[in-house]
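Chemist: Once you've had a glance at the structure underneath, I'll fire off some questions.
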Amino acid sequence: MLNVILNLFQDQHDDIILRVGMEKKVTPFAGQSSFAKEISSLVQTLSGNNASVLLIGERGVGKRLIAQHIHFSAAGNLGYFFEINCRSFTEAQILGAFDTVSRLISYEQKITLFVCFADKLNIALQKAFLELIKKAAEKNLNFRIISSVEKPLDDAVAAGTFLSDLYCRLNSVVLNILPLRQRKEDILPIAQSYLESFSKKSGLKFTSFSEGAQNALVSHFWQGNADELINAVQRAFIVGEPPLISESDLGLNVASASMVVSETVESIGEDKSLKTAIDSFKKEYLTKILEENDWNQTKTAAILGIQRTYVIRLMNELHIRRQ
């Protein structure tokens with residue numbers, strides 16, 4: 001009967017639920033910072049019990065990877081790893097996922113349920129989630145909940161948009177995941193880890209990064225965190241030539257934000273209000289990217305991750321003109 005449930009579930013929900021089977025197929029946890037070492041140690045501790053874990057951090061910092069490591073670091077029978085993305089799934093899909101997990105719990109299966117963007121659940125879905133957790137707790141089953149959000153839930157609880165009872169069930173252990181730009185020691189180890197992984201999968205014999213590429217990696221702002229870093233390495237495999245990845249292969253032609261900020265602070269003058277500083281930064285930064293792309297607004301918009309119409313609007317508001 002269990003196999004029938006799983007097969008039926010896979011047929012209907014392949015696009016919305018990730019079920020990682022019984023094998024340990026997780027990317028190694030790379031990093032040399034004190035934060036990375038602390039997280040690695042906590043993962044080992046958490047894998048030995050069923051305490052609920054709440055991961056808080058910007059998009060792309062590796063919350064899914066940490067959840068998978070907690071699950072796969074457990075000794076013995078690993079059980080099933082389910083992921084529910086509350087930002088992109090419909091209410092019916094989420095309820096269907098909860099129902100399937102509930103039935104698996106009845107068969108006393110060992111399960112880790114990873115609920116990402118938990119703050120996107122409406123009150124009705126929060127109540128369904130709470131009932132699922134209570135059912136598992138009453139039967140004292142081997143069921144672990146890992147949830148992730150981009151911002152702390154305290155304000156949502158205070159505003160009544162997130163159930164306080166559910167919040168208390170989710171935050172037995174809270175891990176605040178630092179953005180990549182605040183742990184620069186991890187950038188090169190993570191990049192090298194994925195370089196080796198992609199080399200093995202693709203058969204392309206890339207071995208390392210050039211000195212220029214390493215400097216570019218460390219100085220980049222990484223707004224998209226580890227996800228952006230992984231994309232940059234993947235791009236290098238497409239456009240680069242083994243054995244070394246060069247700076248240009250990475251496509252990081254956006255200047256370091258810290259350099260632009262430094263230049264902006266020096267040029268502000270007497271008016272040191274926050275609005276003036278922000279406007280000055282926007283103008284300097286946008287002008288720099290436009291110049292690097294020969295004032296091509298479409299390319300500039302793609303690099304900045306915004307719409308071309310917004311680039312035009314900023315140019316008008318900030319009085320940016322090609323000299």
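Residue numbering restarts at 1 in every chain; chains get A, B, ... in the order shown in the structure tokens, and ligands count up from 1 in that same order.
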Set out as JSON lines a contact list for segment 20-139 of chain A and segment 222-246 of chain A with a cut-off of 10 Å, giving each residue of segment 20-139 of chain A that qualifies its closest atom pair and distance in Å to one decimal, counting only C-alpha atoms, ordered by chain and rising residue number.
Modeler:
```
{"residue": "A:Glu58", "atom": "CA", "partner": "A:Asn225", "partner_atom": "CA", "distance": 7.9}
{"residue": "A:Arg59", "atom": "CA", "partner": "A:Gly224", "partner_atom": "CA", "distance": 6.8}
{"residue": "A:Gly60", "atom": "CA", "partner": "A:Asp227", "partner_atom": "CA", "distance": 4.9}
{"residue": "A:Val61", "atom": "CA", "partner": "A:Asn225", "partner_atom": "CA", "distance": 5.3}
{"residue": "A:Gly62", "atom": "CA", "partner": "A:Ala226", "partner_atom": "CA", "distance": 6.5}
```
Chemist: Quick one: residues within 10 Å of Ser52 of chain A, only C-alpha atoms, excluding same-chain residues fewer than 4 positions away - as a PyMOL selection string?
Modeler: chain A and resi 46+112-113+143-147+168-174
Chemist: Write to file, as a CSV table (one decimal), in the first residue's frame, the residues of the selection just made, with all heavy atoms.
Modeler:
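New file part04.csv:
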```csv
chain,number,residue,atom,x,y,z
A,46,LEU,N,21.8,18.4,14.9
A,46,LEU,CA,20.4,18.4,14.6
A,46,LEU,C,20.0,17.1,13.9
A,46,LEU,O,18.9,16.7,14.0
A,46,LEU,CB,20.1,19.6,13.8
A,46,LEU,CG,20.1,20.9,14.5
A,46,LEU,CD1,20.0,22.1,13.5
A,46,LEU,CD2,19.1,21.0,15.6
A,112,THR,N,11.4,13.7,6.7
A,112,THR,CA,11.8,15.1,6.9
A,112,THR,C,11.0,16.0,5.9
A,112,THR,O,11.0,15.7,4.7
A,112,THR,CB,13.3,15.4,6.6
A,112,THR,OG1,14.1,14.7,7.6
A,112,THR,CG2,13.6,16.9,6.7
A,113,LEU,N,10.2,16.9,6.4
A,113,LEU,CA,9.4,17.8,5.6
A,113,LEU,C,10.0,19.2,5.6
A,113,LEU,O,10.1,19.8,6.7
A,113,LEU,CB,7.9,17.8,6.1
A,113,LEU,CG,7.0,18.8,5.4
A,113,LEU,CD1,6.9,18.4,3.9
A,113,LEU,CD2,5.6,18.8,6.1
A,143,PHE,N,9.3,12.1,12.8
A,143,PHE,CA,8.9,13.1,11.8
A,143,PHE,C,9.6,14.5,12.1
A,143,PHE,O,9.5,15.0,13.2
A,143,PHE,CB,7.4,13.3,11.9
A,143,PHE,CG,6.8,14.3,10.9
A,143,PHE,CD1,7.1,14.3,9.6
A,143,PHE,CD2,6.0,15.3,11.4
A,143,PHE,CE1,6.6,15.2,8.7
A,143,PHE,CE2,5.4,16.2,10.5
A,143,PHE,CZ,5.7,16.2,9.1
A,144,ARG,N,10.4,15.0,11.2
A,144,ARG,CA,11.1,16.2,11.4
A,144,ARG,C,10.6,17.3,10.5
A,144,ARG,O,10.4,17.1,9.3
A,144,ARG,CB,12.6,16.0,11.1
A,144,ARG,CG,13.4,17.3,11.3
A,144,ARG,CD,14.8,17.2,10.7
A,144,ARG,NE,15.7,16.3,11.5
A,144,ARG,CZ,16.2,15.1,11.1
A,144,ARG,NH1,15.9,14.7,9.9
A,144,ARG,NH2,16.9,14.4,11.9
A,145,ILE,N,10.4,18.5,11.1
A,145,ILE,CA,10.0,19.7,10.3
A,145,ILE,C,11.1,20.7,10.2
A,145,ILE,O,11.7,21.1,11.2
A,145,ILE,CB,8.8,20.4,11.0
A,145,ILE,CG1,7.6,19.5,11.0
A,145,ILE,CG2,8.4,21.7,10.2
A,145,ILE,CD1,6.9,19.3,9.7
A,146,ILE,N,11.5,21.0,8.9
A,146,ILE,CA,12.4,22.1,8.7
A,146,ILE,C,11.7,23.2,7.9
A,146,ILE,O,11.2,22.9,6.8
A,146,ILE,CB,13.7,21.6,8.0
A,146,ILE,CG1,14.3,20.5,8.8
A,146,ILE,CG2,14.7,22.8,7.8
A,146,ILE,CD1,15.6,19.9,8.1
A,147,SER,N,11.7,24.4,8.4
A,147,SER,CA,11.0,25.5,7.6
A,147,SER,C,12.0,26.6,7.3
A,147,SER,O,13.0,26.7,8.0
A,147,SER,CB,9.8,26.1,8.5
A,147,SER,OG,9.0,25.1,8.9
A,168,CYS,N,5.5,28.6,17.4
A,168,CYS,CA,6.1,27.9,18.5
A,168,CYS,C,6.5,26.5,18.2
A,168,CYS,O,7.5,26.0,18.7
A,168,CYS,CB,5.2,27.9,19.7
A,168,CYS,SG,4.9,29.5,20.5
A,169,ARG,N,5.8,25.8,17.3
A,169,ARG,CA,6.1,24.5,16.9
A,169,ARG,C,7.3,24.4,15.9
A,169,ARG,O,7.9,23.4,15.8
A,169,ARG,CB,4.9,23.8,16.2
A,169,ARG,CG,3.6,23.7,17.1
A,169,ARG,CD,3.6,22.4,17.8
A,169,ARG,NE,2.3,22.3,18.5
A,169,ARG,CZ,1.9,21.1,19.0
A,169,ARG,NH1,2.6,20.0,18.8
A,169,ARG,NH2,0.8,21.1,19.7
A,170,LEU,N,7.5,25.5,15.2
A,170,LEU,CA,8.5,25.5,14.1
A,170,LEU,C,9.8,26.0,14.6
A,170,LEU,O,10.8,25.7,13.9
A,170,LEU,CB,8.0,26.4,12.9
A,170,LEU,CG,6.7,26.0,12.2
A,170,LEU,CD1,6.5,27.0,11.1
A,170,LEU,CD2,6.8,24.6,11.7
A,171,ASN,N,9.9,26.8,15.7
A,171,ASN,CA,11.2,27.4,16.0
A,171,ASN,C,11.9,26.8,17.2
A,171,ASN,O,12.5,27.6,18.0
A,171,ASN,CB,10.9,28.9,16.2
A,171,ASN,CG,10.1,29.2,17.5
A,171,ASN,OD1,9.5,28.3,18.1
A,171,ASN,ND2,10.2,30.5,17.9
A,172,SER,N,11.8,25.5,17.3
A,172,SER,CA,12.6,24.9,18.4
A,172,SER,C,14.1,25.3,18.3
A,172,SER,O,14.7,25.6,19.3
A,172,SER,CB,12.5,23.4,18.4
A,172,SER,OG,11.1,23.0,18.6
A,173,VAL,N,14.6,25.3,17.1
A,173,VAL,CA,15.9,25.7,16.8
A,173,VAL,C,15.9,26.7,15.7
A,173,VAL,O,15.3,26.4,14.6
A,173,VAL,CB,16.9,24.6,16.4
A,173,VAL,CG1,18.3,25.1,16.1
A,173,VAL,CG2,16.9,23.5,17.5
A,174,VAL,N,16.4,27.9,15.8
A,174,VAL,CA,16.4,28.9,14.8
A,174,VAL,C,17.9,29.2,14.3
A,174,VAL,O,18.8,29.4,15.1
A,174,VAL,CB,15.8,30.2,15.3
A,174,VAL,CG1,15.9,31.3,14.3
A,174,VAL,CG2,14.4,30.0,15.8
```
Chemist: Using DSSP on the backbone, list every residue of segment 86-163 of chain A that comes out as strand (DSSP E or B), and give them as a ChimeraX atom specification.
Modeler: /A:111-116,143-149
Chemist: Using only C-alpha atoms, determine which residues lie at most 7 Å from segment 189-199 of chain A, disregarding the query and same-chain residues fewer than 2 positions distant; provide the list as JSON, numbers by chain.
Modeler: {"A": [30, 31, 186, 187, 201, 202, 203, 204, 205, 206, 208, 229, 230, 233]}
Chemist: Mind giving me the straight-line distance from atom CA of Thr287 of chain A to atom CA of Phe221 of chain A in Å, one decimal?
Modeler: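 It comes out at 17.5 Å.
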Chemist: Just asking: which residues within segment 179-230 of chain A are alpha helix (DSSP H) according to DSSP, as a compact mmCIF listing (two decimals) with all heavy atoms, in the first residue's frame?
Modeler:
```
# COMPACT_ATOMS: atom_id res chain seq x y z
N ILE A 187 33.54 32.16 -0.09
CA ILE A 187 33.26 32.32 -1.52
C ILE A 187 34.11 31.39 -2.39
O ILE A 187 33.58 30.63 -3.22
CB ILE A 187 33.47 33.80 -1.94
CG1 ILE A 187 32.41 34.68 -1.28
CG2 ILE A 187 33.39 33.93 -3.47
CD1 ILE A 187 32.61 36.16 -1.51
N LEU A 188 35.42 31.43 -2.20
CA LEU A 188 36.30 30.60 -3.04
C LEU A 188 36.12 29.11 -2.77
O LEU A 188 36.09 28.32 -3.74
CB LEU A 188 37.76 31.02 -2.85
CG LEU A 188 38.12 32.42 -3.39
CD1 LEU A 188 39.60 32.71 -3.17
CD2 LEU A 188 37.77 32.54 -4.86
N PRO A 189 35.99 28.65 -1.51
CA PRO A 189 35.73 27.22 -1.29
C PRO A 189 34.44 26.73 -1.94
O PRO A 189 34.40 25.64 -2.51
CB PRO A 189 35.67 27.11 0.24
CG PRO A 189 36.51 28.21 0.74
CD PRO A 189 36.28 29.34 -0.23
N ILE A 190 33.38 27.55 -1.87
CA ILE A 190 32.12 27.16 -2.50
C ILE A 190 32.28 27.11 -4.02
O ILE A 190 31.84 26.16 -4.68
CB ILE A 190 31.00 28.15 -2.11
CG1 ILE A 190 30.66 28.01 -0.63
CG2 ILE A 190 29.74 27.88 -2.96
CD1 ILE A 190 29.66 29.03 -0.12
N ALA A 191 32.92 28.14 -4.59
CA ALA A 191 33.14 28.17 -6.03
C ALA A 191 33.97 26.97 -6.49
O ALA A 191 33.66 26.33 -7.50
CB ALA A 191 33.83 29.47 -6.43
N GLN A 192 35.03 26.65 -5.76
CA GLN A 192 35.88 25.52 -6.11
C GLN A 192 35.13 24.20 -6.00
O GLN A 192 35.29 23.30 -6.83
CB GLN A 192 37.11 25.49 -5.20
CG GLN A 192 38.14 24.41 -5.55
CD GLN A 192 38.78 24.64 -6.92
OE1 GLN A 192 38.99 25.79 -7.33
NE2 GLN A 192 39.11 23.55 -7.61
N SER A 193 34.27 24.10 -5.01
CA SER A 193 33.47 22.89 -4.82
C SER A 193 32.57 22.63 -6.03
O SER A 193 32.48 21.50 -6.53
CB SER A 193 32.62 23.01 -3.55
OG SER A 193 31.71 21.94 -3.43
N TYR A 194 31.92 23.69 -6.50
CA TYR A 194 31.04 23.53 -7.66
C TYR A 194 31.83 23.37 -8.95
O TYR A 194 31.37 22.69 -9.88
CB TYR A 194 30.05 24.69 -7.74
CG TYR A 194 28.88 24.49 -6.80
CD1 TYR A 194 28.87 25.06 -5.54
CD2 TYR A 194 27.80 23.69 -7.16
CE1 TYR A 194 27.81 24.85 -4.66
CE2 TYR A 194 26.74 23.48 -6.31
CZ TYR A 194 26.75 24.05 -5.05
OH TYR A 194 25.71 23.83 -4.19
N LEU A 195 32.99 23.99 -9.03
CA LEU A 195 33.85 23.79 -10.19
C LEU A 195 34.20 22.30 -10.33
O LEU A 195 34.11 21.73 -11.42
CB LEU A 195 35.12 24.62 -10.07
CG LEU A 195 36.16 24.50 -11.20
CD1 LEU A 195 36.87 25.82 -11.44
CD2 LEU A 195 37.21 23.43 -10.87
N GLU A 196 34.58 21.69 -9.23
CA GLU A 196 34.93 20.26 -9.26
C GLU A 196 33.72 19.40 -9.58
O GLU A 196 33.82 18.41 -10.32
CB GLU A 196 35.55 19.87 -7.92
CG GLU A 196 36.89 20.53 -7.66
CD GLU A 196 37.39 20.35 -6.24
OE1 GLU A 196 36.69 19.66 -5.44
OE2 GLU A 196 38.47 20.88 -5.91
N SER A 197 32.57 19.78 -9.04
CA SER A 197 31.35 19.01 -9.30
C SER A 197 30.94 19.10 -10.77
O SER A 197 30.62 18.10 -11.40
CB SER A 197 30.21 19.54 -8.41
OG SER A 197 28.99 18.90 -8.70
N PHE A 198 30.96 20.33 -11.32
CA PHE A 198 30.61 20.52 -12.73
C PHE A 198 31.62 19.84 -13.65
O PHE A 198 31.26 19.32 -14.70
CB PHE A 198 30.50 22.01 -13.06
CG PHE A 198 29.39 22.72 -12.34
CD1 PHE A 198 29.47 24.08 -12.06
CD2 PHE A 198 28.26 22.04 -11.93
CE1 PHE A 198 28.45 24.74 -11.39
CE2 PHE A 198 27.22 22.69 -11.26
CZ PHE A 198 27.32 24.04 -10.99
N SER A 199 32.90 19.88 -13.27
CA SER A 199 33.93 19.22 -14.09
C SER A 199 33.68 17.72 -14.19
O SER A 199 33.80 17.12 -15.26
CB SER A 199 35.32 19.47 -13.48
OG SER A 199 35.69 20.82 -13.58
N LYS A 200 33.31 17.14 -13.07
CA LYS A 200 33.05 15.70 -13.04
C LYS A 200 31.84 15.34 -13.88
O LYS A 200 31.85 14.35 -14.62
CB LYS A 200 32.85 15.25 -11.59
CG LYS A 200 32.70 13.75 -11.42
CD LYS A 200 32.62 13.39 -9.94
CE LYS A 200 32.48 11.88 -9.76
NZ LYS A 200 32.39 11.51 -8.32
N LYS A 201 30.80 16.15 -13.80
CA LYS A 201 29.56 15.87 -14.52
C LYS A 201 29.70 16.12 -16.02
O LYS A 201 29.15 15.38 -16.85
CB LYS A 201 28.41 16.71 -13.97
CG LYS A 201 27.98 16.33 -12.56
CD LYS A 201 26.88 17.25 -12.06
CE LYS A 201 26.46 16.89 -10.64
NZ LYS A 201 25.43 17.82 -10.12
N SER A 202 30.42 17.18 -16.38
CA SER A 202 30.50 17.59 -17.79
C SER A 202 31.64 16.95 -18.55
O SER A 202 31.62 16.87 -19.78
CB SER A 202 30.63 19.11 -17.88
OG SER A 202 31.89 19.54 -17.35
N GLU A 211 43.95 34.06 -11.02
CA GLU A 211 44.07 35.04 -9.94
C GLU A 211 43.06 36.17 -10.11
O GLU A 211 42.44 36.62 -9.15
CB GLU A 211 45.49 35.60 -9.89
CG GLU A 211 45.72 36.56 -8.73
CD GLU A 211 47.15 37.05 -8.64
OE1 GLU A 211 48.01 36.48 -9.35
OE2 GLU A 211 47.41 37.99 -7.87
N GLY A 212 42.88 36.61 -11.36
CA GLY A 212 41.90 37.66 -11.63
C GLY A 212 40.49 37.22 -11.31
O GLY A 212 39.68 37.99 -10.77
N ALA A 213 40.18 35.96 -11.64
CA ALA A 213 38.86 35.43 -11.36
C ALA A 213 38.62 35.33 -9.86
O ALA A 213 37.53 35.65 -9.36
CB ALA A 213 38.70 34.06 -12.01
N GLN A 214 39.64 34.91 -9.13
CA GLN A 214 39.52 34.81 -7.67
C GLN A 214 39.26 36.17 -7.05
O GLN A 214 38.41 36.32 -6.16
CB GLN A 214 40.78 34.18 -7.08
CG GLN A 214 40.97 32.72 -7.45
CD GLN A 214 42.21 32.13 -6.79
OE1 GLN A 214 42.49 32.38 -5.63
NE2 GLN A 214 42.96 31.34 -7.55
N ASN A 215 39.99 37.18 -7.53
CA ASN A 215 39.78 38.54 -7.01
C ASN A 215 38.38 39.04 -7.32
O ASN A 215 37.74 39.69 -6.49
CB ASN A 215 40.82 39.49 -7.60
CG ASN A 215 42.23 39.20 -7.10
OD1 ASN A 215 42.41 38.66 -6.02
ND2 ASN A 215 43.23 39.56 -7.90
N ALA A 216 37.90 38.72 -8.52
CA ALA A 216 36.55 39.14 -8.92
C ALA A 216 35.49 38.46 -8.06
O ALA A 216 34.50 39.09 -7.66
CB ALA A 216 36.31 38.83 -10.39
N LEU A 217 35.70 37.18 -7.78
CA LEU A 217 34.75 36.43 -6.96
C LEU A 217 34.65 37.01 -5.55
O LEU A 217 33.56 37.20 -5.01
CB LEU A 217 35.16 34.96 -6.88
CG LEU A 217 34.95 34.12 -8.14
CD1 LEU A 217 35.66 32.79 -8.03
CD2 LEU A 217 33.46 33.90 -8.40
N VAL A 218 35.80 37.31 -4.97
CA VAL A 218 35.82 37.80 -3.59
C VAL A 218 35.26 39.22 -3.48
O VAL A 218 34.61 39.57 -2.49
CB VAL A 218 37.25 37.74 -3.02
CG1 VAL A 218 37.32 38.40 -1.65
CG2 VAL A 218 37.72 36.29 -2.92
N SER A 219 35.49 40.06 -4.49
CA SER A 219 35.06 41.46 -4.41
C SER A 219 33.63 41.69 -4.86
O SER A 219 33.05 42.75 -4.58
CB SER A 219 36.00 42.33 -5.27
OG SER A 219 35.91 41.97 -6.64
N ASN A 225 23.51 35.78 -3.56
CA ASN A 225 24.16 34.82 -2.68
C ASN A 225 24.71 33.61 -3.41
O ASN A 225 25.20 33.74 -4.53
CB ASN A 225 23.21 34.42 -1.55
CG ASN A 225 22.93 35.58 -0.61
OD1 ASN A 225 23.82 36.02 0.10
ND2 ASN A 225 21.71 36.10 -0.63
N ALA A 226 24.65 32.42 -2.77
CA ALA A 226 25.27 31.23 -3.35
C ALA A 226 24.65 30.85 -4.70
O ALA A 226 25.34 30.35 -5.59
CB ALA A 226 25.16 30.06 -2.38
N ASP A 227 23.35 31.11 -4.86
CA ASP A 227 22.71 30.79 -6.14
C ASP A 227 23.34 31.58 -7.28
O ASP A 227 23.57 31.06 -8.37
CB ASP A 227 21.20 31.10 -6.08
CG ASP A 227 20.42 30.06 -5.29
OD1 ASP A 227 21.04 29.06 -4.86
OD2 ASP A 227 19.21 30.25 -5.09
N GLU A 228 23.62 32.86 -7.04
CA GLU A 228 24.26 33.69 -8.06
C GLU A 228 25.68 33.21 -8.34
O GLU A 228 26.13 33.20 -9.49
CB GLU A 228 24.28 35.15 -7.59
CG GLU A 228 24.86 36.11 -8.63
CD GLU A 228 24.98 37.53 -8.12
OE1 GLU A 228 24.59 37.80 -6.96
OE2 GLU A 228 25.48 38.38 -8.88
N LEU A 229 26.37 32.79 -7.29
CA LEU A 229 27.73 32.27 -7.44
C LEU A 229 27.75 31.01 -8.29
O LEU A 229 28.57 30.85 -9.19
CB LEU A 229 28.33 31.99 -6.06
CG LEU A 229 29.70 31.30 -6.01
CD1 LEU A 229 30.74 32.10 -6.77
CD2 LEU A 229 30.13 31.10 -4.57
N ILE A 230 26.81 30.12 -8.03
CA ILE A 230 26.72 28.87 -8.80
C ILE A 230 26.44 29.17 -10.26
O ILE A 230 27.02 28.57 -11.17
CB ILE A 230 25.62 27.97 -8.20
CG1 ILE A 230 26.03 27.50 -6.80
CG2 ILE A 230 25.37 26.75 -9.10
CD1 ILE A 230 24.90 26.88 -6.02
```
